[in-house]
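Visitor: If you scroll down you'll find the structure; I have some questions about it.
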Amino acid sequence: MVSFFKNTHKTIFGPNQYQLRGMAVLEEFQGRGLGTKLLKFGENILKEKNIDIVWCNAREIAVPFYNKNNYKTTGEPFTIQSIGIHYVMCKPLGT
Ligand SMILES: CC(C)(COP(=O)(O)OP(=O)(O)OC[C@H]1O[C@@H](n2cnc3c(N)ncnc32)[C@H](O)[C@@H]1OP(=O)(O)O)[C@@H](O)C(=O)NCCC(=O)NCCS
């Protein structure tokens, strides 16, 4: 699953931002490219809506997944209590 919400991040410059939330693939199906497919499917819908930037609060363990999908970390890491270290990551949809 993945969900996207119209939401602007206070440290990210640019119009028409959406936040990605709740990205997950069932454990037994991870590592088969499904997360990447799902992400691209969602990004294409946002492109059709002329959205410029997608951002998310990425769990540290998921940073390589988002990097592989051309998301970049921005700013300092921060901790969400009981979940752990997170990074703000974003991607301009023109790229
Ligand atoms: C992160 C997640 C959504 C990726 O989905 P996926 O279908 O496994 O992703 P893909 O198969 O497209 O994998 C692409 C890359 O993701 C990373 N990845 C894959 N499985 C992973 C796992 N179990 N843990 C961490 N990273 C993983 C790898 O960098 C992988 O690249 P590689 O195949 O070259 O090694 C999935 O692993 C997941 O649901 N994890 C648990 C929930 C979570 O952390 N969600 C993100 C919250 S911000």
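To be explicit about the labels: the chains of the structure tokens are called A, B, and onward in the order shown, and within each one the residues are counted from 1, while ligands get numbers from 1 in the order they are shown.
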Please find the residues contacting ligand 1 at a distance of at most 8 Å between atoms, with only C-alpha atoms and all ligand atoms counted, and report them as a PDB file with all heavy atoms, in the first residue's frame.
Guide:
ATOM      1  N   ARG A  21       2.693   8.683   2.389  1.00  0.00           N
ATOM      2  CA  ARG A  21       2.592   8.093   3.735  1.00  0.00           C
ATOM      3  C   ARG A  21       2.218   6.615   3.650  1.00  0.00           C
ATOM      4  O   ARG A  21       1.521   6.188   2.735  1.00  0.00           O
ATOM      5  CB  ARG A  21       1.509   8.818   4.555  1.00  0.00           C
ATOM      6  CG  ARG A  21       1.778  10.283   4.726  1.00  0.00           C
ATOM      7  CD  ARG A  21       0.799  10.913   5.674  1.00  0.00           C
ATOM      8  NE  ARG A  21       1.020  10.466   7.050  1.00  0.00           N
ATOM      9  CZ  ARG A  21       0.361  10.940   8.090  1.00  0.00           C
ATOM     10  NH1 ARG A  21      -0.558  11.866   7.932  1.00  0.00           N
ATOM     11  NH2 ARG A  21       0.620  10.467   9.288  1.00  0.00           N
ATOM     12  N   GLY A  22       2.668   5.857   4.629  1.00  0.00           N
ATOM     13  CA  GLY A  22       2.192   4.480   4.793  1.00  0.00           C
ATOM     14  C   GLY A  22       2.658   3.520   3.712  1.00  0.00           C
ATOM     15  O   GLY A  22       1.925   2.587   3.363  1.00  0.00           O
ATOM     16  N   MET A  23       3.866   3.739   3.171  1.00  0.00           N
ATOM     17  CA  MET A  23       4.390   2.846   2.119  1.00  0.00           C
ATOM     18  C   MET A  23       4.762   1.505   2.742  1.00  0.00           C
ATOM     19  O   MET A  23       5.562   1.436   3.674  1.00  0.00           O
ATOM     20  CB  MET A  23       5.637   3.518   1.532  1.00  0.00           C
ATOM     21  CG  MET A  23       6.406   2.705   0.532  1.00  0.00           C
ATOM     22  SD  MET A  23       5.804   2.938  -1.136  1.00  0.00           S
ATOM     23  CE  MET A  23       5.762   1.254  -1.706  1.00  0.00           C
ATOM     24  N   ALA A  24       4.172   0.425   2.235  1.00  0.00           N
ATOM     25  CA  ALA A  24       4.515  -0.905   2.770  1.00  0.00           C
ATOM     26  C   ALA A  24       4.117  -2.007   1.803  1.00  0.00           C
ATOM     27  O   ALA A  24       3.113  -1.909   1.099  1.00  0.00           O
ATOM     28  CB  ALA A  24       3.824  -1.139   4.115  1.00  0.00           C
ATOM     29  N   VAL A  25       4.934  -3.044   1.797  1.00  0.00           N
ATOM     30  CA  VAL A  25       4.655  -4.266   1.039  1.00  0.00           C
ATOM     31  C   VAL A  25       4.704  -5.413   2.047  1.00  0.00           C
ATOM     32  O   VAL A  25       5.585  -5.424   2.928  1.00  0.00           O
ATOM     33  CB  VAL A  25       5.724  -4.463  -0.070  1.00  0.00           C
ATOM     34  CG1 VAL A  25       5.630  -5.830  -0.712  1.00  0.00           C
ATOM     35  CG2 VAL A  25       5.607  -3.369  -1.132  1.00  0.00           C
ATOM     36  N   LEU A  26       3.776  -6.352   1.955  1.00  0.00           N
ATOM     37  CA  LEU A  26       3.784  -7.504   2.862  1.00  0.00           C
ATOM     38  C   LEU A  26       5.168  -8.138   2.886  1.00  0.00           C
ATOM     39  O   LEU A  26       5.792  -8.304   1.831  1.00  0.00           O
ATOM     40  CB  LEU A  26       2.771  -8.554   2.401  1.00  0.00           C
ATOM     41  CG  LEU A  26       1.318  -8.374   2.803  1.00  0.00           C
ATOM     42  CD1 LEU A  26       0.473  -9.480   2.162  1.00  0.00           C
ATOM     43  CD2 LEU A  26       1.165  -8.389   4.310  1.00  0.00           C
ATOM     44  N   GLU A  27       5.600  -8.514   4.081  1.00  0.00           N
ATOM     45  CA  GLU A  27       6.975  -8.986   4.258  1.00  0.00           C
ATOM     46  C   GLU A  27       7.358 -10.088   3.265  1.00  0.00           C
ATOM     47  O   GLU A  27       8.432 -10.053   2.666  1.00  0.00           O
ATOM     48  CB  GLU A  27       7.151  -9.484   5.695  1.00  0.00           C
ATOM     49  CG  GLU A  27       8.574  -9.380   6.152  1.00  0.00           C
ATOM     50  CD  GLU A  27       8.714  -9.706   7.635  1.00  0.00           C
ATOM     51  OE1 GLU A  27       7.756  -9.465   8.402  1.00  0.00           O
ATOM     52  OE2 GLU A  27       9.773 -10.220   7.997  1.00  0.00           O
ATOM     53  N   PHE A  29       6.450 -10.572   0.370  1.00  0.00           N
ATOM     54  CA  PHE A  29       6.524 -10.128  -1.028  1.00  0.00           C
ATOM     55  C   PHE A  29       7.561  -9.028  -1.240  1.00  0.00           C
ATOM     56  O   PHE A  29       7.682  -8.478  -2.339  1.00  0.00           O
ATOM     57  CB  PHE A  29       5.147  -9.646  -1.506  1.00  0.00           C
ATOM     58  CG  PHE A  29       4.129 -10.755  -1.580  1.00  0.00           C
ATOM     59  CD1 PHE A  29       3.176 -10.916  -0.583  1.00  0.00           C
ATOM     60  CD2 PHE A  29       4.144 -11.642  -2.650  1.00  0.00           C
ATOM     61  CE1 PHE A  29       2.244 -11.937  -0.651  1.00  0.00           C
ATOM     62  CE2 PHE A  29       3.213 -12.669  -2.721  1.00  0.00           C
ATOM     63  CZ  PHE A  29       2.265 -12.821  -1.717  1.00  0.00           C
ATOM     64  N   GLN A  30       8.304  -8.672  -0.174  1.00  0.00           N
ATOM     65  CA  GLN A  30       9.301  -7.604  -0.305  1.00  0.00           C
ATOM     66  C   GLN A  30      10.481  -8.063  -1.155  1.00  0.00           C
ATOM     67  O   GLN A  30      10.769  -9.256  -1.253  1.00  0.00           O
ATOM     68  CB  GLN A  30       9.791  -7.174   1.089  1.00  0.00           C
ATOM     69  CG  GLN A  30       8.721  -6.433   1.874  1.00  0.00           C
ATOM     70  CD  GLN A  30       9.123  -6.105   3.305  1.00  0.00           C
ATOM     71  OE1 GLN A  30      10.293  -6.235   3.683  1.00  0.00           O
ATOM     72  NE2 GLN A  30       8.167  -5.674   4.097  1.00  0.00           N
ATOM     73  N   GLY A  31      11.180  -7.087  -1.750  1.00  0.00           N
ATOM     74  CA  GLY A  31      12.391  -7.364  -2.516  1.00  0.00           C
ATOM     75  C   GLY A  31      12.132  -7.952  -3.888  1.00  0.00           C
ATOM     76  O   GLY A  31      13.040  -8.481  -4.519  1.00  0.00           O
ATOM     77  N   ARG A  32      10.883  -7.842  -4.381  1.00  0.00           N
ATOM     78  CA  ARG A  32      10.553  -8.367  -5.716  1.00  0.00           C
ATOM     79  C   ARG A  32      10.184  -7.255  -6.694  1.00  0.00           C
ATOM     80  O   ARG A  32       9.610  -7.530  -7.749  1.00  0.00           O
ATOM     81  CB  ARG A  32       9.364  -9.326  -5.625  1.00  0.00           C
ATOM     82  CG  ARG A  32       9.589 -10.507  -4.736  1.00  0.00           C
ATOM     83  CD  ARG A  32       8.394 -11.424  -4.874  1.00  0.00           C
ATOM     84  NE  ARG A  32       8.357 -12.425  -3.820  1.00  0.00           N
ATOM     85  CZ  ARG A  32       7.408 -13.341  -3.715  1.00  0.00           C
ATOM     86  NH1 ARG A  32       6.427 -13.368  -4.602  1.00  0.00           N
ATOM     87  NH2 ARG A  32       7.429 -14.212  -2.733  1.00  0.00           N
ATOM     88  N   GLY A  33      10.418  -6.017  -6.292  1.00  0.00           N
ATOM     89  CA  GLY A  33      10.120  -4.891  -7.191  1.00  0.00           C
ATOM     90  C   GLY A  33       8.709  -4.342  -7.070  1.00  0.00           C
ATOM     91  O   GLY A  33       8.345  -3.418  -7.794  1.00  0.00           O
ATOM     92  N   LEU A  34       7.905  -4.896  -6.156  1.00  0.00           N
ATOM     93  CA  LEU A  34       6.508  -4.437  -6.059  1.00  0.00           C
ATOM     94  C   LEU A  34       6.416  -3.018  -5.493  1.00  0.00           C
ATOM     95  O   LEU A  34       5.614  -2.204  -5.971  1.00  0.00           O
ATOM     96  CB  LEU A  34       5.690  -5.401  -5.191  1.00  0.00           C
ATOM     97  CG  LEU A  34       5.447  -6.778  -5.796  1.00  0.00           C
ATOM     98  CD1 LEU A  34       4.736  -7.686  -4.795  1.00  0.00           C
ATOM     99  CD2 LEU A  34       4.622  -6.671  -7.068  1.00  0.00           C
ATOM    100  N   GLY A  35       7.250  -2.715  -4.491  1.00  0.00           N
ATOM    101  CA  GLY A  35       7.253  -1.367  -3.896  1.00  0.00           C
ATOM    102  C   GLY A  35       7.582  -0.319  -4.945  1.00  0.00           C
ATOM    103  O   GLY A  35       6.920   0.721  -5.032  1.00  0.00           O
ATOM    104  N   THR A  36       8.580  -0.610  -5.771  1.00  0.00           N
ATOM    105  CA  THR A  36       8.989   0.321  -6.832  1.00  0.00           C
ATOM    106  C   THR A  36       7.852   0.525  -7.832  1.00  0.00           C
ATOM    107  O   THR A  36       7.547   1.650  -8.215  1.00  0.00           O
ATOM    108  CB  THR A  36      10.248  -0.239  -7.553  1.00  0.00           C
ATOM    109  OG1 THR A  36      11.285  -0.332  -6.582  1.00  0.00           O
ATOM    110  CG2 THR A  36      10.694   0.652  -8.693  1.00  0.00           C
ATOM    111  N   LYS A  37       7.190  -0.561  -8.219  1.00  0.00           N
ATOM    112  CA  LYS A  37       6.068  -0.474  -9.172  1.00  0.00           C
ATOM    113  C   LYS A  37       4.939   0.380  -8.608  1.00  0.00           C
ATOM    114  O   LYS A  37       4.373   1.229  -9.293  1.00  0.00           O
ATOM    115  CB  LYS A  37       5.506  -1.873  -9.457  1.00  0.00           C
ATOM    116  CG  LYS A  37       6.161  -2.561 -10.615  1.00  0.00           C
ATOM    117  CD  LYS A  37       5.341  -3.796 -11.006  1.00  0.00           C
ATOM    118  CE  LYS A  37       5.871  -4.365 -12.292  1.00  0.00           C
ATOM    119  NZ  LYS A  37       5.247  -5.616 -12.659  1.00  0.00           N
ATOM    120  N   CYS A  56       8.426  12.654   1.873  1.00  0.00           N
ATOM    121  CA  CYS A  56       7.968  11.715   2.906  1.00  0.00           C
ATOM    122  C   CYS A  56       8.914  11.764   4.102  1.00  0.00           C
ATOM    123  O   CYS A  56      10.043  12.255   3.998  1.00  0.00           O
ATOM    124  CB  CYS A  56       7.917  10.292   2.355  1.00  0.00           C
ATOM    125  SG  CYS A  56       9.521   9.621   1.888  1.00  0.00           S
ATOM    126  N   ASN A  57       8.421  11.278   5.227  1.00  0.00           N
ATOM    127  CA  ASN A  57       9.264  11.022   6.395  1.00  0.00           C
ATOM    128  C   ASN A  57       9.666   9.555   6.313  1.00  0.00           C
ATOM    129  O   ASN A  57       8.874   8.671   6.618  1.00  0.00           O
ATOM    130  CB  ASN A  57       8.486  11.298   7.692  1.00  0.00           C
ATOM    131  CG  ASN A  57       8.175  12.772   7.861  1.00  0.00           C
ATOM    132  OD1 ASN A  57       8.993  13.624   7.527  1.00  0.00           O
ATOM    133  ND2 ASN A  57       6.994  13.085   8.371  1.00  0.00           N
ATOM    134  N   ALA A  58      10.900   9.312   5.878  1.00  0.00           N
ATOM    135  CA  ALA A  58      11.323   7.936   5.597  1.00  0.00           C
ATOM    136  C   ALA A  58      12.022   7.325   6.804  1.00  0.00           C
ATOM    137  O   ALA A  58      12.932   7.933   7.378  1.00  0.00           O
ATOM    138  CB  ALA A  58      12.277   7.926   4.409  1.00  0.00           C
ATOM    139  N   ARG A  59      11.594   6.121   7.171  1.00  0.00           N
ATOM    140  CA  ARG A  59      12.327   5.363   8.192  1.00  0.00           C
ATOM    141  C   ARG A  59      13.735   5.101   7.678  1.00  0.00           C
ATOM    142  O   ARG A  59      13.927   4.837   6.482  1.00  0.00           O
ATOM    143  CB  ARG A  59      11.641   4.017   8.435  1.00  0.00           C
ATOM    144  CG  ARG A  59      10.396   4.125   9.265  1.00  0.00           C
ATOM    145  CD  ARG A  59       9.582   2.883   9.168  1.00  0.00           C
ATOM    146  NE  ARG A  59      10.322   1.684   9.536  1.00  0.00           N
ATOM    147  CZ  ARG A  59       9.770   0.502   9.751  1.00  0.00           C
ATOM    148  NH1 ARG A  59       8.474   0.355   9.605  1.00  0.00           N
ATOM    149  NH2 ARG A  59      10.490  -0.518  10.104  1.00  0.00           N
ATOM    150  N   GLU A  60      14.684   5.125   8.609  1.00  0.00           N
ATOM    151  CA  GLU A  60      16.099   4.949   8.235  1.00  0.00           C
ATOM    152  C   GLU A  60      16.291   3.702   7.364  1.00  0.00           C
ATOM    153  O   GLU A  60      16.993   3.725   6.356  1.00  0.00           O
ATOM    154  CB  GLU A  60      16.920   4.841   9.526  1.00  0.00           C
ATOM    155  CG  GLU A  60      18.403   4.954   9.325  1.00  0.00           C
ATOM    156  CD  GLU A  60      19.131   4.921  10.661  1.00  0.00           C
ATOM    157  OE1 GLU A  60      18.617   4.322  11.632  1.00  0.00           O
ATOM    158  OE2 GLU A  60      20.223   5.493  10.724  1.00  0.00           O
ATOM    159  N   ILE A  61      15.601   2.619   7.723  1.00  0.00           N
ATOM    160  CA  ILE A  61      15.778   1.343   7.020  1.00  0.00           C
ATOM    161  C   ILE A  61      15.264   1.395   5.577  1.00  0.00           C
ATOM    162  O   ILE A  61      15.700   0.625   4.716  1.00  0.00           O
ATOM    163  CB  ILE A  61      15.096   0.196   7.812  1.00  0.00           C
ATOM    164  CG1 ILE A  61      15.605  -1.142   7.312  1.00  0.00           C
ATOM    165  CG2 ILE A  61      13.597   0.289   7.748  1.00  0.00           C
ATOM    166  CD1 ILE A  61      15.121  -2.316   8.130  1.00  0.00           C
ATOM    167  N   ALA A  62      14.359   2.349   5.315  1.00  0.00           N
ATOM    168  CA  ALA A  62      13.770   2.437   3.973  1.00  0.00           C
ATOM    169  C   ALA A  62      14.493   3.446   3.073  1.00  0.00           C
ATOM    170  O   ALA A  62      14.157   3.558   1.890  1.00  0.00           O
ATOM    171  CB  ALA A  62      12.290   2.813   4.088  1.00  0.00           C
ATOM    172  N   VAL A  63      15.505   4.158   3.622  1.00  0.00           N
ATOM    173  CA  VAL A  63      16.204   5.183   2.827  1.00  0.00           C
ATOM    174  C   VAL A  63      16.789   4.610   1.527  1.00  0.00           C
ATOM    175  O   VAL A  63      16.640   5.215   0.461  1.00  0.00           O
ATOM    176  CB  VAL A  63      17.274   5.912   3.687  1.00  0.00           C
ATOM    177  CG1 VAL A  63      18.207   6.746   2.813  1.00  0.00           C
ATOM    178  CG2 VAL A  63      16.587   6.794   4.724  1.00  0.00           C
ATOM    179  N   PRO A  64      17.440   3.418   1.544  1.00  0.00           N
ATOM    180  CA  PRO A  64      17.972   2.875   0.280  1.00  0.00           C
ATOM    181  C   PRO A  64      16.875   2.636  -0.766  1.00  0.00           C
ATOM    182  O   PRO A  64      17.098   2.846  -1.957  1.00  0.00           O
ATOM    183  CB  PRO A  64      18.608   1.534   0.698  1.00  0.00           C
ATOM    184  CG  PRO A  64      18.875   1.676   2.152  1.00  0.00           C
ATOM    185  CD  PRO A  64      17.804   2.571   2.694  1.00  0.00           C
ATOM    186  N   PHE A  65      15.684   2.213  -0.309  1.00  0.00           N
ATOM    187  CA  PHE A  65      14.557   2.004  -1.230  1.00  0.00           C
ATOM    188  C   PHE A  65      14.181   3.329  -1.913  1.00  0.00           C
ATOM    189  O   PHE A  65      14.044   3.381  -3.140  1.00  0.00           O
ATOM    190  CB  PHE A  65      13.353   1.432  -0.472  1.00  0.00           C
ATOM    191  CG  PHE A  65      12.067   1.477  -1.252  1.00  0.00           C
ATOM    192  CD1 PHE A  65      11.839   0.589  -2.300  1.00  0.00           C
ATOM    193  CD2 PHE A  65      11.091   2.413  -0.956  1.00  0.00           C
ATOM    194  CE1 PHE A  65      10.654   0.638  -3.044  1.00  0.00           C
ATOM    195  CE2 PHE A  65       9.901   2.473  -1.683  1.00  0.00           C
ATOM    196  CZ  PHE A  65       9.692   1.570  -2.729  1.00  0.00           C
ATOM    197  N   TYR A  66      14.054   4.406  -1.120  1.00  0.00           N
ATOM    198  CA  TYR A  66      13.673   5.691  -1.721  1.00  0.00           C
ATOM    199  C   TYR A  66      14.818   6.247  -2.578  1.00  0.00           C
ATOM    200  O   TYR A  66      14.570   6.832  -3.635  1.00  0.00           O
ATOM    201  CB  TYR A  66      13.268   6.690  -0.630  1.00  0.00           C
ATOM    202  CG  TYR A  66      11.974   6.319   0.052  1.00  0.00           C
ATOM    203  CD1 TYR A  66      11.942   5.959   1.396  1.00  0.00           C
ATOM    204  CD2 TYR A  66      10.773   6.316  -0.660  1.00  0.00           C
ATOM    205  CE1 TYR A  66      10.757   5.596   2.016  1.00  0.00           C
ATOM    206  CE2 TYR A  66       9.577   5.967  -0.046  1.00  0.00           C
ATOM    207  CZ  TYR A  66       9.572   5.610   1.292  1.00  0.00           C
ATOM    208  OH  TYR A  66       8.404   5.260   1.903  1.00  0.00           O
ATOM    209  N   ASN A  67      16.069   6.076  -2.129  1.00  0.00           N
ATOM    210  CA  ASN A  67      17.215   6.526  -2.944  1.00  0.00           C
ATOM    211  C   ASN A  67      17.164   5.891  -4.321  1.00  0.00           C
ATOM    212  O   ASN A  67      17.384   6.546  -5.331  1.00  0.00           O
ATOM    213  CB  ASN A  67      18.540   6.138  -2.272  1.00  0.00           C
ATOM    214  CG  ASN A  67      19.014   7.196  -1.291  1.00  0.00           C
ATOM    215  OD1 ASN A  67      18.713   8.381  -1.444  1.00  0.00           O
ATOM    216  ND2 ASN A  67      19.751   6.780  -0.282  1.00  0.00           N
ATOM    217  N   LYS A  68      16.896   4.586  -4.318  1.00  0.00           N
ATOM    218  CA  LYS A  68      16.844   3.853  -5.583  1.00  0.00           C
ATOM    219  C   LYS A  68      15.764   4.394  -6.505  1.00  0.00           C
ATOM    220  O   LYS A  68      15.840   4.260  -7.721  1.00  0.00           O
ATOM    221  CB  LYS A  68      16.543   2.383  -5.275  1.00  0.00           C
ATOM    222  CG  LYS A  68      17.499   1.450  -5.983  1.00  0.00           C
ATOM    223  CD  LYS A  68      17.145   0.019  -5.758  1.00  0.00           C
ATOM    224  CE  LYS A  68      17.230  -0.690  -7.089  1.00  0.00           C
ATOM    225  NZ  LYS A  68      16.975  -2.112  -6.978  1.00  0.00           N
ATOM    226  N   HIS A  86      14.240   8.938  11.383  1.00  0.00           N
ATOM    227  CA  HIS A  86      13.618   9.222  10.093  1.00  0.00           C
ATOM    228  C   HIS A  86      14.377  10.335   9.366  1.00  0.00           C
ATOM    229  O   HIS A  86      15.047  11.157   9.994  1.00  0.00           O
ATOM    230  CB  HIS A  86      12.174   9.702  10.277  1.00  0.00           C
ATOM    231  CG  HIS A  86      11.213   8.618  10.622  1.00  0.00           C
ATOM    232  ND1 HIS A  86      11.235   7.972  11.827  1.00  0.00           N
ATOM    233  CD2 HIS A  86      10.189   8.072   9.913  1.00  0.00           C
ATOM    234  CE1 HIS A  86      10.264   7.056  11.844  1.00  0.00           C
ATOM    235  NE2 HIS A  86       9.622   7.101  10.703  1.00  0.00           N
TER     236      HIS A  86
END
Visitor: DSSP on the backbone: what in chain A comes out helix (DSSP H, G or I), as a PyMOL selection string?
Guide: chain A and resi 27-29+34-48+60-68
Visitor: From the set A:Thr11, A:Phe41, A:Met1, A:Met89, which residue has the shortest atom-to-atom contact distance to Val54 of chain A, counting only C-alpha atoms?
Guide: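 Comparing A:Thr11, A:Phe41, A:Met1, A:Met89 against Val54 of chain A, the winner is A:Met89.
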Visitor: Extract, using only C-alpha atoms, all DNA, RNA and protein residues at most 12 Å from Leu46 of chain A, discarding same-chain residues fewer than 5 positions from it, and format them as a list in words.
Guide: Ser3, Phe4, Phe5, Lys6, Asn16, Gln17, Tyr18, Gln19, Leu20, Leu39, Lys40, Phe41, Ile51, Asp52, Ile53, Val54, Lys91, Pro92, Leu93 and Gly94 of chain A
Visitor: Now that the selection is made, can you save its residues with N, CA and C atoms as an mmCIF file, in the first residue's frame?
Guide:
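The new file result-v8.cif reads:
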data_model
loop_
_atom_site.group_PDB
_atom_site.id
_atom_site.type_symbol
_atom_site.label_atom_id
_atom_site.label_comp_id
_atom_site.auth_asym_id
_atom_site.auth_seq_id
_atom_site.Cartn_x
_atom_site.Cartn_y
_atom_site.Cartn_z
ATOM 1 N N SER A 3 -0.044 5.768 0.277
ATOM 2 C CA SER A 3 -1.058 6.824 0.186
ATOM 3 C C SER A 3 -0.360 8.166 0.001
ATOM 4 N N PHE A 4 -1.065 9.101 -0.601
ATOM 5 C CA PHE A 4 -0.509 10.433 -0.884
ATOM 6 C C PHE A 4 -1.511 11.487 -0.428
ATOM 7 N N PHE A 5 -0.997 12.519 0.244
ATOM 8 C CA PHE A 5 -1.848 13.589 0.769
ATOM 9 C C PHE A 5 -1.319 14.941 0.315
ATOM 10 N N LYS A 6 -2.212 15.834 -0.005
ATOM 11 C CA LYS A 6 -1.791 17.195 -0.334
ATOM 12 C C LYS A 6 -1.281 17.847 0.946
ATOM 13 N N ASN A 16 2.860 23.025 -5.135
ATOM 14 C CA ASN A 16 2.176 21.763 -5.461
ATOM 15 C C ASN A 16 2.861 20.524 -4.900
ATOM 16 N N GLN A 17 2.967 20.483 -3.578
ATOM 17 C CA GLN A 17 3.632 19.340 -2.931
ATOM 18 C C GLN A 17 2.600 18.331 -2.429
ATOM 19 N N TYR A 18 2.963 17.045 -2.494
ATOM 20 C CA TYR A 18 2.190 15.975 -1.874
ATOM 21 C C TYR A 18 3.102 15.195 -0.939
ATOM 22 N N GLN A 19 2.522 14.689 0.146
ATOM 23 C CA GLN A 19 3.267 13.833 1.079
ATOM 24 C C GLN A 19 2.890 12.377 0.846
ATOM 25 N N LEU A 20 3.910 11.542 0.762
ATOM 26 C CA LEU A 20 3.713 10.083 0.662
ATOM 27 C C LEU A 20 3.671 9.538 2.102
ATOM 28 N N LEU A 39 5.082 2.633 -6.225
ATOM 29 C CA LEU A 39 5.506 4.023 -6.097
ATOM 30 C C LEU A 39 5.385 4.740 -7.444
ATOM 31 N N LYS A 40 5.876 4.106 -8.504
ATOM 32 C CA LYS A 40 5.820 4.721 -9.838
ATOM 33 C C LYS A 40 4.363 4.939 -10.270
ATOM 34 N N PHE A 41 3.504 3.969 -9.961
ATOM 35 C CA PHE A 41 2.083 4.083 -10.301
ATOM 36 C C PHE A 41 1.483 5.334 -9.635
ATOM 37 N N ILE A 51 1.372 17.774 -10.056
ATOM 38 C CA ILE A 51 2.062 17.932 -8.778
ATOM 39 C C ILE A 51 3.565 18.000 -9.051
ATOM 40 N N ASP A 52 4.251 18.939 -8.376
ATOM 41 C CA ASP A 52 5.678 19.172 -8.665
ATOM 42 C C ASP A 52 6.615 18.329 -7.805
ATOM 43 N N ILE A 53 6.244 18.130 -6.525
ATOM 44 C CA ILE A 53 7.186 17.514 -5.577
ATOM 45 C C ILE A 53 6.460 16.518 -4.670
ATOM 46 N N VAL A 54 7.068 15.348 -4.470
ATOM 47 C CA VAL A 54 6.589 14.395 -3.460
ATOM 48 C C VAL A 54 7.629 14.333 -2.363
ATOM 49 N N LYS A 91 11.364 14.292 -3.902
ATOM 50 C CA LYS A 91 11.641 14.036 -5.312
ATOM 51 C C LYS A 91 10.838 15.009 -6.167
ATOM 52 N N PRO A 92 11.504 15.765 -7.029
ATOM 53 C CA PRO A 92 10.764 16.578 -7.993
ATOM 54 C C PRO A 92 10.217 15.655 -9.078
ATOM 55 N N LEU A 93 8.944 15.780 -9.403
ATOM 56 C CA LEU A 93 8.344 14.806 -10.327
ATOM 57 C C LEU A 93 8.700 15.052 -11.787
ATOM 58 N N GLY A 94 9.368 16.171 -12.041
ATOM 59 C CA GLY A 94 9.815 16.420 -13.427
ATOM 60 C C GLY A 94 10.953 15.510 -13.823
#
